[in-house]
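Heads up, entry.txt below (compact mmCIF, C-alpha atoms and all ligand atoms):
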```txt
# COMPACT_ATOMS: atom_id res chain seq x y z
CA MET A 1 -74.59 87.75 -118.20
CA ALA A 2 -71.62 89.98 -119.12
CA LEU A 3 -71.64 91.09 -122.75
CA SER A 4 -68.61 90.78 -125.00
CA GLY A 5 -67.18 93.80 -126.82
CA LEU A 6 -69.04 92.74 -129.99
CA GLY A 7 -72.27 92.20 -128.05
CA ILE A 8 -72.00 95.73 -126.69
CA TYR A 9 -71.13 97.12 -130.14
CA LYS A 10 -74.39 95.76 -131.56
CA LEU A 11 -76.31 97.90 -129.05
CA LEU A 12 -74.41 101.13 -129.79
CA PRO A 13 -75.55 103.69 -132.45
CA LYS A 14 -72.63 102.69 -134.76
CA THR A 15 -72.21 106.23 -136.13
CA ASN A 16 -68.54 106.53 -135.15
CA CYS A 17 -69.17 110.16 -134.21
CA LYS A 18 -66.20 110.17 -131.75
CA ASP A 19 -68.11 112.13 -129.07
CA CYS A 20 -67.01 109.55 -126.50
CA GLY A 21 -63.35 110.27 -127.22
CA PHE A 22 -62.82 106.99 -129.09
CA PRO A 23 -62.33 106.83 -132.87
CA THR A 24 -65.08 104.23 -133.42
CA CYS A 25 -68.07 102.70 -131.65
CA LEU A 26 -66.24 99.36 -131.73
CA ALA A 27 -63.22 100.83 -129.91
CA PHE A 28 -65.58 102.26 -127.27
CA ALA A 29 -67.39 98.91 -126.97
CA MET A 30 -64.12 97.07 -126.37
CA GLN A 31 -63.16 99.51 -123.60
CA LEU A 32 -66.62 99.21 -122.04
CA ALA A 33 -66.39 95.41 -122.06
CA ALA A 34 -63.02 95.68 -120.29
CA LYS A 35 -64.70 98.02 -117.74
CA LYS A 36 -62.17 100.75 -118.58
CA VAL A 37 -64.74 103.37 -119.52
CA ALA A 38 -68.23 104.31 -118.27
CA LEU A 39 -71.32 103.95 -120.46
CA ASP A 40 -72.29 107.61 -119.95
CA LYS A 41 -69.31 108.68 -122.12
CA CYS A 42 -71.54 107.91 -125.10
CA PRO A 43 -74.40 110.44 -125.07
CA HIS A 44 -76.28 108.74 -127.94
CA VAL A 45 -77.21 105.34 -126.47
CA SER A 46 -80.97 104.69 -126.71
CA GLU A 47 -82.93 104.09 -123.49
CA THR A 48 -83.59 100.46 -124.46
CA ALA A 49 -79.92 99.80 -125.20
CA LYS A 50 -78.97 101.57 -121.99
CA LYS A 51 -81.02 99.11 -119.92
CA SER A 52 -79.27 96.08 -121.42
CA LEU A 53 -75.87 97.73 -121.27
CA GLU A 54 -76.19 98.98 -117.72
CA SER A 55 -76.79 95.49 -116.38
CA ALA A 56 -73.88 94.23 -118.52
CA ALA A 57 -71.66 96.95 -117.09
CA GLU A 58 -72.53 96.03 -113.48
CA PRO A 59 -69.68 94.38 -111.61
CA PRO A 60 -70.18 90.63 -111.00
CA ILE A 61 -69.77 91.20 -107.25
CA LYS A 62 -71.54 94.32 -106.04
CA LEU A 63 -69.60 97.08 -104.29
CA ILE A 64 -71.02 97.56 -100.80
CA THR A 65 -70.19 100.46 -98.51
CA VAL A 66 -70.40 100.21 -94.73
CA GLY A 67 -70.20 103.47 -92.80
CA VAL A 68 -69.64 106.97 -94.08
CA GLY A 69 -66.81 109.49 -94.27
CA GLU A 70 -63.12 108.79 -94.46
CA ALA A 71 -63.23 105.58 -92.43
CA LYS A 72 -65.99 103.98 -94.54
CA LEU A 73 -65.39 100.40 -95.56
CA GLU A 74 -65.89 99.45 -99.21
CA VAL A 75 -66.01 95.76 -100.07
CA GLY A 76 -66.83 93.66 -103.13
CA ASN A 77 -66.45 94.65 -106.78
CA GLU A 78 -63.96 91.81 -107.28
CA THR A 79 -63.49 90.43 -110.78
CA VAL A 80 -61.13 87.45 -110.49
CA MET A 81 -60.71 84.19 -108.57
CA PHE A 82 -56.93 84.46 -108.31
CA ARG A 83 -54.91 87.62 -107.83
CA HIS A 84 -52.39 86.70 -110.55
CA GLU A 85 -55.23 86.89 -113.11
CA GLU A 86 -55.48 90.65 -112.50
CA LYS A 87 -55.63 91.82 -108.89
CA PHE A 88 -58.02 91.98 -105.93
CA TYR A 89 -59.48 95.43 -105.45
CA HIS A 90 -61.11 95.94 -102.06
CA PRO A 91 -59.15 94.58 -99.09
CA THR A 92 -61.03 92.48 -96.53
CA GLY A 93 -62.40 94.62 -93.71
CA ILE A 94 -61.19 93.37 -90.34
CA GLY A 95 -63.70 93.90 -87.53
CA PHE A 96 -63.89 93.18 -83.81
CA SER A 97 -66.86 92.07 -81.79
CA ILE A 98 -67.94 93.89 -78.64
CA GLU A 99 -70.80 92.49 -76.55
CA ASP A 100 -73.39 94.78 -74.99
CA THR A 101 -73.20 92.85 -71.71
CA LEU A 102 -69.74 94.28 -70.96
CA SER A 103 -69.47 96.94 -68.29
CA GLU A 104 -68.98 100.50 -69.56
CA ASP A 105 -65.33 100.46 -68.43
CA ASP A 106 -64.62 97.15 -70.15
CA MET A 107 -66.31 98.39 -73.29
CA LYS A 108 -64.17 101.55 -73.33
CA LYS A 109 -61.06 99.48 -72.71
CA SER A 110 -61.97 97.18 -75.61
CA ILE A 111 -62.54 100.13 -77.97
CA ASP A 112 -59.18 101.64 -76.96
CA GLU A 113 -57.46 98.34 -77.72
CA ILE A 114 -59.14 98.17 -81.14
CA LYS A 115 -58.15 101.74 -81.96
CA LYS A 116 -54.50 100.90 -81.28
CA LEU A 117 -54.52 98.15 -83.90
CA ASN A 118 -52.82 100.11 -86.64
CA PHE A 119 -49.31 99.50 -87.86
CA GLU A 120 -46.84 100.72 -90.44
CA ARG A 121 -45.38 98.12 -92.77
CA VAL A 122 -43.23 98.70 -95.86
CA GLY A 123 -44.14 102.37 -95.75
CA GLN A 124 -47.90 101.77 -95.69
CA LYS A 125 -50.38 102.20 -92.85
CA ILE A 126 -52.28 98.99 -92.21
CA GLU A 127 -55.27 99.17 -89.89
CA VAL A 128 -58.52 97.57 -88.78
CA ASN A 129 -61.86 98.66 -90.17
CA LEU A 130 -64.97 97.81 -88.20
CA ILE A 131 -66.52 97.38 -84.76
CA SER A 132 -69.32 94.87 -84.47
CA VAL A 133 -71.71 95.46 -81.57
CA LEU A 134 -73.35 92.20 -80.55
CA CYS A 135 -76.64 92.29 -78.65
CA LYS A 136 -76.05 89.47 -76.19
CA SER A 137 -78.34 90.94 -73.55
CA GLY A 138 -81.49 90.76 -75.69
CA ASP A 139 -82.31 94.17 -74.22
CA GLY A 140 -82.85 97.04 -76.69
CA ASN A 141 -81.79 99.72 -74.23
CA LYS A 142 -78.56 97.97 -73.31
CA PHE A 143 -77.85 97.47 -77.00
CA ALA A 144 -78.53 101.15 -77.77
CA ASN A 145 -76.24 102.23 -74.91
CA ALA A 146 -73.44 100.04 -76.24
CA VAL A 147 -73.90 101.43 -79.76
CA LYS A 148 -73.87 104.99 -78.38
CA LEU A 149 -70.70 104.33 -76.44
CA VAL A 150 -68.89 102.84 -79.44
CA LEU A 151 -70.00 105.73 -81.65
CA ALA A 152 -68.71 108.28 -79.14
CA ALA A 153 -65.34 106.58 -78.82
CA SER A 154 -64.52 105.58 -82.39
CA ASP A 155 -64.97 106.67 -86.02
CA LEU A 156 -64.84 103.09 -87.32
CA PRO A 157 -67.90 101.83 -89.24
CA LEU A 158 -70.28 99.64 -87.23
CA ALA A 159 -71.99 96.32 -87.64
CA LEU A 160 -75.07 95.85 -85.47
CA VAL A 161 -75.67 92.21 -84.63
CA THR A 162 -79.02 90.83 -83.47
CA ASP A 163 -81.71 88.65 -85.01
CA ASP A 164 -84.41 90.62 -83.22
CA ALA A 165 -85.75 93.29 -85.60
CA GLN A 166 -87.21 95.38 -82.77
CA VAL A 167 -83.90 95.51 -80.94
CA MET A 168 -82.14 96.24 -84.24
CA LYS A 169 -84.41 99.23 -84.82
CA ILE A 170 -83.49 100.65 -81.40
CA GLY A 171 -79.80 100.30 -82.29
CA LEU A 172 -80.32 101.83 -85.74
CA GLU A 173 -81.96 104.89 -84.19
CA GLU A 174 -78.57 105.65 -82.64
CA THR A 175 -76.72 105.35 -85.95
CA LYS A 176 -78.95 107.38 -88.29
CA GLY A 177 -77.06 108.49 -91.41
CA LYS A 178 -74.05 106.29 -90.58
CA ALA A 179 -74.93 103.29 -92.76
CA PRO A 180 -73.98 100.53 -90.31
CA LEU A 181 -74.05 96.92 -91.42
CA ILE A 182 -77.34 95.35 -90.29
CA CYS A 183 -76.63 91.81 -89.23
CA ARG A 184 -78.69 89.78 -89.96
CA ALA A 185 -81.71 88.79 -92.06
CA THR A 186 -82.78 85.16 -91.72
CA LYS A 187 -85.71 83.26 -93.17
CA GLU A 188 -87.66 84.12 -90.02
CA ASN A 189 -87.08 87.89 -89.93
CA PHE A 190 -86.12 88.94 -93.47
CA LYS A 191 -89.19 91.11 -94.13
CA GLU A 192 -88.61 93.22 -91.01
CA MET A 193 -84.84 93.41 -91.54
CA ALA A 194 -85.27 94.33 -95.22
CA GLY A 195 -87.66 97.08 -94.10
CA LEU A 196 -85.03 98.42 -91.69
CA SER A 197 -82.35 98.27 -94.38
CA LYS A 198 -84.52 100.47 -96.61
CA GLU A 199 -85.63 102.81 -93.83
CA TYR A 200 -82.11 103.44 -92.50
CA LYS A 201 -80.31 103.16 -95.86
CA ALA A 202 -77.96 100.57 -94.41
CA PRO A 203 -76.53 97.41 -96.02
CA LEU A 204 -77.91 94.10 -94.82
CA VAL A 205 -76.29 90.75 -93.99
CA VAL A 206 -78.35 87.85 -95.31
CA SER A 207 -77.72 84.59 -93.49
CA ALA A 208 -78.65 80.97 -94.15
CA PRO A 209 -76.84 77.70 -93.38
CA SER A 210 -76.71 76.26 -96.91
CA LEU A 211 -76.17 77.80 -100.35
CA GLU A 212 -79.62 76.61 -101.48
CA GLU A 213 -81.35 78.28 -98.55
CA LEU A 214 -79.18 81.38 -98.96
CA GLU A 215 -80.11 81.65 -102.64
CA ALA A 216 -83.83 81.55 -101.79
CA LEU A 217 -83.39 84.11 -99.03
CA ILE A 218 -81.41 86.52 -101.22
CA LYS A 219 -84.18 86.36 -103.83
CA ASN A 220 -86.78 87.10 -101.16
CA VAL A 221 -84.79 90.05 -99.84
CA ASN A 222 -84.27 91.34 -103.41
CA THR A 223 -88.02 91.12 -103.91
CA GLU A 224 -88.40 93.36 -100.87
CA GLY A 225 -86.34 95.91 -102.81
CA VAL A 226 -83.02 95.50 -100.96
CA ARG A 227 -79.88 95.00 -103.03
CA ASP A 228 -77.07 96.21 -100.77
CA LEU A 229 -76.27 92.83 -99.28
CA VAL A 230 -73.45 90.96 -97.60
CA LEU A 231 -73.76 87.16 -97.49
CA ASP A 232 -73.24 84.81 -94.55
CA THR A 233 -73.49 81.03 -94.35
CA GLY A 234 -73.70 80.86 -90.55
CA LYS A 235 -71.74 78.89 -87.97
CA LYS A 236 -69.72 76.03 -89.41
CA GLY A 237 -66.18 74.71 -89.62
CA LEU A 238 -63.41 76.47 -91.52
CA PRO A 239 -63.25 74.00 -94.48
CA GLU A 240 -67.04 74.13 -94.98
CA LYS A 241 -67.00 77.92 -94.86
CA ILE A 242 -64.15 78.17 -97.38
CA TRP A 243 -66.05 75.77 -99.65
CA ASP A 244 -69.14 78.02 -99.44
CA PHE A 245 -67.15 81.17 -100.17
CA THR A 246 -65.31 79.57 -103.09
CA GLN A 247 -68.54 78.24 -104.64
CA MET A 248 -70.27 81.59 -104.32
CA ARG A 249 -67.31 83.45 -105.84
CA LYS A 250 -67.09 80.94 -108.69
CA LEU A 251 -70.81 81.13 -109.42
CA ALA A 252 -70.77 84.95 -109.38
CA LEU A 253 -67.65 85.34 -111.53
CA LYS A 254 -67.61 82.32 -113.81
CA LYS A 255 -71.34 81.65 -114.24
CA SER A 256 -72.52 85.28 -113.92
CA PHE A 257 -74.94 84.04 -111.24
CA ARG A 258 -76.05 87.42 -109.94
CA THR A 259 -77.82 86.05 -106.85
CA PHE A 260 -74.44 85.37 -105.25
CA GLY A 261 -72.87 88.56 -106.66
CA TYR A 262 -72.32 90.13 -103.22
CA PRO A 263 -69.43 90.34 -100.75
CA VAL A 264 -69.33 87.72 -97.98
CA ILE A 265 -68.76 88.01 -94.23
CA ALA A 266 -67.11 85.51 -91.87
CA PHE A 267 -67.42 85.47 -88.09
CA VAL A 268 -64.39 83.73 -86.60
CA GLU A 269 -65.48 80.85 -84.33
CA SER A 270 -62.15 79.63 -82.87
CA THR A 271 -61.65 80.41 -79.22
CA ASN A 272 -57.95 79.59 -79.03
CA PRO A 273 -56.14 82.89 -79.80
CA LEU A 274 -53.61 81.33 -82.20
CA GLU A 275 -56.28 79.37 -84.07
CA GLU A 276 -58.39 82.52 -84.21
CA ALA A 277 -55.60 84.37 -86.04
CA ILE A 278 -55.11 81.43 -88.41
CA GLU A 279 -58.84 81.17 -89.14
CA ALA A 280 -59.16 84.91 -89.81
CA THR A 281 -56.12 84.87 -92.13
CA THR A 282 -57.57 81.94 -94.06
CA TYR A 283 -60.81 83.86 -94.61
CA VAL A 284 -58.81 86.86 -95.85
CA ALA A 285 -57.15 84.60 -98.42
CA LYS A 286 -60.40 82.89 -99.53
CA TYR A 287 -62.61 85.10 -100.10
CA ALA A 288 -64.15 86.94 -97.18
CA SER A 289 -64.82 90.63 -97.70
CA ILE A 290 -65.36 91.20 -93.99
CA VAL A 291 -63.95 89.13 -91.10
CA VAL A 292 -65.16 89.69 -87.55
CA MET A 293 -63.14 88.29 -84.65
CA LYS A 294 -63.00 88.64 -80.88
CA GLY A 295 -59.27 88.52 -80.08
CA ARG A 296 -57.49 91.85 -80.37
CA ASN A 297 -53.93 91.10 -79.33
CA PRO A 298 -51.54 92.95 -81.65
CA TRP A 299 -49.63 89.65 -82.19
CA GLN A 300 -52.85 88.12 -83.56
CA VAL A 301 -53.87 91.06 -85.71
CA LEU A 302 -50.57 92.10 -87.31
CA PRO A 303 -50.14 88.81 -89.25
CA ILE A 304 -53.74 89.07 -90.53
CA LEU A 305 -53.20 92.63 -91.74
CA THR A 306 -49.83 91.65 -93.23
CA ALA A 307 -51.41 88.79 -95.18
CA ARG A 308 -54.16 91.14 -96.36
CA GLN A 309 -51.62 93.74 -97.46
CA ASN A 310 -49.73 91.16 -99.50
CA ILE A 311 -52.82 89.61 -101.06
CA TYR A 312 -54.34 92.94 -102.05
CA THR A 313 -51.31 94.41 -103.82
CA ASP A 314 -51.16 94.43 -107.60
CA PRO A 315 -49.03 91.36 -108.50
CA GLN A 316 -47.93 93.11 -111.67
CA LYS A 317 -46.59 96.12 -109.77
CA PRO A 318 -44.24 95.32 -106.91
CA LEU A 319 -44.37 97.84 -104.09
CA GLN A 320 -41.61 100.32 -104.79
CA VAL A 321 -39.94 103.25 -103.08
CA GLU A 322 -38.60 106.21 -104.98
CA PRO A 323 -35.03 105.65 -106.18
CA LYS A 324 -33.08 108.21 -104.17
CA ILE A 325 -30.50 108.70 -101.46
CA TYR A 326 -32.25 108.28 -98.12
CA GLU A 327 -30.74 109.84 -95.01
CA ILE A 328 -31.17 107.76 -91.86
CA GLY A 329 -30.32 109.62 -88.65
CA GLN A 330 -28.13 112.72 -88.35
CA VAL A 331 -25.90 112.00 -91.34
CA THR A 332 -22.75 113.94 -92.24
CA ASP A 333 -20.56 113.79 -95.31
CA LYS A 334 -18.56 111.08 -93.52
CA SER A 335 -21.51 108.73 -92.93
CA PRO A 336 -21.43 105.26 -94.54
CA VAL A 337 -23.32 104.62 -97.77
CA LEU A 338 -25.31 101.41 -98.23
CA ILE A 339 -26.57 100.31 -101.62
CA THR A 340 -29.82 98.46 -102.19
CA THR A 341 -32.74 98.22 -104.64
CA ASN A 342 -36.02 100.12 -104.64
CA PHE A 343 -38.22 97.13 -103.73
CA SER A 344 -40.23 98.43 -100.73
CA LEU A 345 -39.81 95.36 -98.57
CA THR A 346 -36.04 95.35 -99.15
CA TYR A 347 -35.69 99.08 -98.54
CA TYR A 348 -37.75 99.15 -95.33
CA THR A 349 -35.95 96.09 -93.98
CA VAL A 350 -32.58 97.75 -94.58
CA GLU A 351 -33.87 101.06 -93.19
CA GLY A 352 -35.12 99.35 -90.01
CA GLU A 353 -31.75 97.66 -89.44
CA VAL A 354 -29.80 100.90 -90.06
CA GLU A 355 -32.05 102.69 -87.57
CA SER A 356 -31.53 100.01 -84.96
CA SER A 357 -27.73 100.25 -85.43
CA LYS A 358 -27.91 103.91 -84.29
CA VAL A 359 -25.19 104.67 -86.87
CA PRO A 360 -26.40 107.50 -89.16
CA ALA A 361 -26.06 106.31 -92.76
CA PHE A 362 -27.14 106.94 -96.34
CA ILE A 363 -29.10 104.31 -98.28
CA VAL A 364 -28.90 104.55 -102.06
CA THR A 365 -31.91 102.81 -103.60
CA CYS A 366 -31.15 102.01 -107.24
CA ASP A 367 -34.07 101.75 -109.65
CA SER A 368 -34.59 97.98 -110.07
CA GLU A 369 -38.24 98.25 -111.14
CA GLY A 370 -39.23 97.20 -107.64
CA MET A 371 -37.29 93.91 -107.60
CA SER A 372 -35.39 92.60 -104.60
CA VAL A 373 -31.57 92.47 -104.68
CA LEU A 374 -31.07 88.92 -105.95
CA THR A 375 -34.02 88.99 -108.37
CA ALA A 376 -32.88 92.32 -109.82
CA TRP A 377 -29.31 91.06 -110.16
CA ALA A 378 -30.51 87.90 -111.93
CA ALA A 379 -32.68 90.04 -114.24
CA ASP A 380 -29.80 92.42 -115.06
CA LYS A 381 -31.59 95.32 -113.32
CA PHE A 382 -29.01 95.64 -110.53
CA THR A 383 -25.62 95.63 -112.21
CA ALA A 384 -22.33 97.45 -111.68
CA GLU A 385 -23.32 99.81 -114.51
CA THR A 386 -26.82 100.61 -113.17
CA ILE A 387 -25.50 101.10 -109.63
CA ALA A 388 -22.74 103.46 -110.85
CA GLN A 389 -25.30 105.36 -112.92
CA SER A 390 -27.51 105.72 -109.83
CA PHE A 391 -24.61 107.33 -107.91
CA GLU A 392 -24.32 109.91 -110.71
CA LYS A 393 -28.02 110.44 -111.24
CA LEU A 394 -28.87 110.75 -107.56
CA GLY A 395 -25.91 113.06 -106.82
CA LEU A 396 -23.98 110.92 -104.32
CA LYS A 397 -20.86 113.08 -104.69
CA ASP A 398 -22.82 116.07 -103.30
CA LYS A 399 -23.72 114.16 -100.15
CA VAL A 400 -20.45 112.50 -99.04
CA LYS A 401 -16.77 113.38 -99.11
CA HIS A 402 -15.45 109.82 -98.69
CA ASN A 403 -15.21 107.27 -101.50
CA GLU A 404 -16.59 104.08 -99.94
CA VAL A 405 -19.85 102.30 -100.64
CA ILE A 406 -21.31 99.15 -99.04
CA LEU A 407 -22.63 96.48 -101.40
CA PRO A 408 -25.14 93.80 -100.27
CA GLY A 409 -23.22 90.58 -99.52
CA TYR A 410 -25.42 88.50 -101.85
CA VAL A 411 -24.04 90.37 -104.88
CA SER A 412 -20.41 90.56 -103.78
CA VAL A 413 -19.60 89.24 -107.25
CA LEU A 414 -20.28 92.77 -108.54
CA SER A 415 -17.67 94.45 -106.36
CA GLY A 416 -14.72 94.43 -108.81
CA LYS A 417 -16.77 95.69 -111.74
CA LEU A 418 -18.48 98.30 -109.57
CA GLU A 419 -15.10 99.68 -108.47
CA GLU A 420 -14.15 99.99 -112.16
CA GLU A 421 -17.45 101.60 -113.17
CA SER A 422 -17.80 104.02 -110.27
CA GLY A 423 -14.21 104.63 -109.17
CA LYS A 424 -15.31 103.92 -105.58
CA LYS A 425 -13.93 101.56 -102.99
CA VAL A 426 -16.50 98.80 -102.56
CA ILE A 427 -16.95 97.19 -99.16
CA VAL A 428 -18.93 93.97 -99.16
CA GLY A 429 -21.67 94.17 -96.53
CA PRO A 430 -23.62 91.40 -94.83
CA ARG A 431 -25.79 89.04 -96.87
CA GLU A 432 -28.82 89.44 -94.66
CA ALA A 433 -30.13 92.80 -93.52
CA SER A 434 -30.15 91.46 -89.96
CA GLY A 435 -26.32 91.63 -90.05
CA ILE A 436 -26.31 95.39 -90.72
CA PRO A 437 -26.35 96.73 -87.12
CA VAL A 438 -23.22 94.82 -86.05
CA PHE A 439 -21.57 95.53 -89.39
CA LEU A 440 -22.15 99.29 -89.16
CA ARG A 441 -21.14 99.50 -85.53
CA ASN A 442 -17.87 97.68 -86.28
CA LEU A 443 -17.25 99.92 -89.28
CA SER A 444 -17.70 103.10 -87.30
CA LYS A 445 -15.26 102.04 -84.51
S1 LIG B 501 -70.11 108.57 -128.79
FE1 LIG B 501 -71.35 106.74 -129.00
S2 LIG B 501 -72.03 106.80 -131.11
FE2 LIG B 501 -70.33 108.20 -131.00
S3 LIG B 501 -68.49 106.98 -131.49
FE3 LIG B 501 -68.71 106.91 -129.31
S4 LIG B 501 -69.88 105.07 -128.94
FE4 LIG B 501 -70.19 105.57 -131.10
```
With the file now loaded, output its structure as structure tokens.
Ligand code: SF4
Amino acid sequence: MALSGLGIYKLLPKTNCKDCGFPTCLAFAMQLAAKKVALDKCPHVSETAKKSLESAAEPPIKLITVGVGEAKLEVGNETVMFRHEEKFYHPTGIGFSIEDTLSEDDMKKSIDEIKKLNFERVGQKIEVNLISVLCKSGDGNKFANAVKLVLAASDLPLALVTDDAQVMKIGLEETKGKAPLICRATKENFKEMAGLSKEYKAPLVVSAPSLEELEALIKNVNTEGVRDLVLDTGKKGLPEKIWDFTQMRKLALKKSFRTFGYPVIAFVESTNPLEEAIEATTYVAKYASIVVMKGRNPWQVLPILTARQNIYTDPQKPLQVEPKIYEIGQVTDKSPVLITTNFSLTYYTVEGEVESSKVPAFIVTCDSEGMSVLTAWAADKFTAETIAQSFEKLGLKDKVKHNEVILPGYVSVLSGKLEEESGKKVIVGPREASGIPVFLRNLSK
């Protein structure tokens, strides 16, 4: 059960010595309760108090790491049900299943396709995170060969999938020191799988069809000394799965029910490619920490990664670009100047359209605290005065010799005032960014 600031304070030495960098023990306790400071900042906590405080300081959903090195996947450590309450911290890992019955060539082809699934969106790289090797053959040697092949061809973390502990051990021998996800412990094999998890220092998926059975199994696995877990509720329909995930999240966060305080994994069951993408995206939204799917068409994966990117941004901090004058193409001092705000999505949309016009141009991004054009205008963050000030501050006169600027069509109402404030000739541009290519090409004729 998480302790309140006052509960924590009662366990501290209460000397107000300031060694932790806070003026009082109470101030430190409040920061500890808000998880903004680590307990070890206070060097005077007694061993008994430490025990109680350390469990209070544990996150309600454990952080689990799959893989090692730069590509490692960290999931869990979430603290809220809804992103607007704070934010979600560790984006869902998206993984792809490869079966060990594929020919070597088909396996290599599949890995190549998975490696190409990375995209750039609003200035950020969005990519996939995991390869799941499924032992369909039931043959340890075939499984080991598949694992070897994937390891040689990709740096992505692995999940090894088989219910047979002996086969799993053969696969794990190939991945020593790489902390793959062991999938999965069931009520039949949990002792052996827990043993492997300890021996190979690898996190373990615990799987049971109902929450009651899962709870019992988690307790059994914990008793075996394994606490790096990922939870699975087996094959079932999308609504049932979402219900499971929501209940487990609620119990972990709202009831401090530590047994379900682990990330969850979903294996996509749909076989229709479109439904597969929809199912995976739904799991990203509610509340899967890892989603494994078969389809790897870019058109299926990009929407899933886009949804994930949007869900895992801080809702209090819109994605922003630096307010500055961006040069698109081989600009000269005669190139047109477009004005927009510094909201990432707006900027990159405008940038993409300017690029596709093939007309070199400047884009002035005014500081609107990351709001889009209309929102910033409505909030008085994108006004004739602020735009004119941006021209001055960003040194527009040093970049161009002409006196024309292009204002987004949606705020054409600002054009008269902007001419007064900046002394420039204002041309009203298209309302939608999609109109920019034709607009610029006509302008440059
Ligand atoms: S270091 Fe410990 S005892 Fe000293 S003020 Fe901070 S919390 Fe209190």
Inset, instruction - Kindly provide, as a ChimeraX atom specification, all nucleotide and amino acid residues lying within 12 Å of ligand LIG 501 (chain B), counting only C-alpha atoms and all ligand atoms. - result: /A:5,8-32,37-46,49-50
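For the point (-65.5, 74.7, -93.2), the residues with at least one atom inside 12 Å, counting only C-alpha atoms, are A:Pro209, A:Ser210, A:Thr233, A:Gly234, A:Lys235, A:Lys236, A:Gly237, A:Leu238, A:Pro239, A:Glu240, A:Lys241, A:Ile242, A:Trp243, A:Asp244, A:Phe245, A:Thr246, A:Ala266, A:Val268, A:Glu269, A:Ser270, A:Glu279, A:Thr282, A:Tyr283, A:Lys286.
The space separating CA of Ile265 (chain A) from CA of Asn145 (chain A) comes to 25.1 Å.
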Legend entry - Residues near Ala384 (chain A), cut-off 12 Å, only C-alpha atoms, skip fewer than 3 positions along chain, as an MDAnalysis selection string: chainID A and resid 339 366 376:377 380:381 387:391 407 411:424 426
Could you build a table of the residues in region 118-192 of chain A lying no more than 9 Å from region 94-105 of chain A, giving for each the nearest pair of atoms and their separation in Å rounded to one decimal place, using all atoms listed in the file, ordered by chain and ascending residue number, as CSV?
```
residue,atom,partner,partner_atom,distance
A:Glu127,CA,A:Ile94,CA,8.3
A:Val128,CA,A:Ile94,CA,5.2
A:Asn129,CA,A:Ile94,CA,5.3
A:Leu130,CA,A:Gly95,CA,4.2
A:Ile131,CA,A:Phe96,CA,5.0
A:Ser132,CA,A:Ser97,CA,4.6
A:Val133,CA,A:Ile98,CA,5.0
A:Leu134,CA,A:Glu99,CA,4.8
A:Cys135,CA,A:Asp100,CA,5.5
A:Lys136,CA,A:Asp100,CA,6.1
A:Ser137,CA,A:Thr101,CA,5.8
A:Asp139,CA,A:Asp100,CA,9.0
A:Lys142,CA,A:Asp100,CA,6.3
A:Phe143,CA,A:Asp100,CA,5.6
A:Ala144,CA,A:Asp100,CA,8.6
A:Asn145,CA,A:Asp100,CA,8.0
A:Ala146,CA,A:Asp100,CA,5.4
A:Val147,CA,A:Asp100,CA,8.2
A:Leu149,CA,A:Glu104,CA,8.1
A:Leu158,CA,A:Gly95,CA,8.7
A:Ala159,CA,A:Gly95,CA,8.6
```
Between region 235-275 of chain A and region 79-86 of chain A, at 12 Å or less, what are the per-residue closest atom pairs and their distances in Å? Count only C-alpha atoms, order by chain and rising residue number, and return it as a tab-separated table.
```
residue	atom	partner	partner_atom	distance
A:Phe245	CA	A:Met81	CA	11.0
A:Thr246	CA	A:Met81	CA	8.5
A:Gln247	CA	A:Met81	CA	10.6
A:Met248	CA	A:Met81	CA	10.8
A:Arg249	CA	A:Met81	CA	7.2
A:Lys250	CA	A:Met81	CA	7.2
A:Leu251	CA	A:Met81	CA	10.6
A:Ala252	CA	A:Thr79	CA	9.2
A:Leu253	CA	A:Thr79	CA	6.6
A:Lys254	CA	A:Met81	CA	8.9
A:Ser256	CA	A:Thr79	CA	10.9
A:Gly261	CA	A:Thr79	CA	10.4
A:Tyr262	CA	A:Thr79	CA	11.6
A:Pro263	CA	A:Thr79	CA	11.7
```
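Going from CA of Asp232 (chain A) over to CA of Phe257 (chain A), you cover 16.8 Å.
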Inset, instruction - Compare A:Glu351, A:Glu385, A:Glu113, A:Glu322 by their minimum atom-to-atom distance to Thr365 (chain A), counting all atoms listed in the file, and give me the closest one. - result: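 Ranking A:Glu351, A:Glu385, A:Glu113, A:Glu322 by distance to Thr365 (chain A), first place goes to A:Glu322.
Distances from A:Val284, A:Ala165, A:Ala194, A:Val122 to Arg308 (chain A) were compared using all atoms listed in the file, and the smallest one belongs to A:Val284.
Residues in contact range of Pro203 (chain A), defined as at most 9 Å between only C-alpha atoms, with sequence neighbours fewer than 5 positions away removed, read Ile64, Thr65, Val66, Ala179, Pro180, Leu181, Ile182, Cys183, Ser197, Lys198, Val226, Arg227, Asp228, Leu229 and Val230 of chain A.
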Could you name the residues that touch Gly69 (chain A) at 10 Å or less, counting only C-alpha atoms, but leaving out those on the same chain fewer than 3 positions away, as an mmCIF file with C-alpha atoms, in the coordinates of the input?
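The result, stored in out-v9.cif:
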```cif
data_model
loop_
_atom_site.group_PDB
_atom_site.id
_atom_site.type_symbol
_atom_site.label_atom_id
_atom_site.label_comp_id
_atom_site.auth_asym_id
_atom_site.auth_seq_id
_atom_site.Cartn_x
_atom_site.Cartn_y
_atom_site.Cartn_z
ATOM 1 C CA VAL A 66 -70.400 100.210 -94.730
ATOM 2 C CA LYS A 72 -65.990 103.980 -94.540
ATOM 3 C CA LEU A 73 -65.390 100.400 -95.560
ATOM 4 C CA ASP A 155 -64.970 106.670 -86.020
ATOM 5 C CA LEU A 156 -64.840 103.090 -87.320
ATOM 6 C CA PRO A 157 -67.900 101.830 -89.240
ATOM 7 C CA LYS A 178 -74.050 106.290 -90.580
#
```
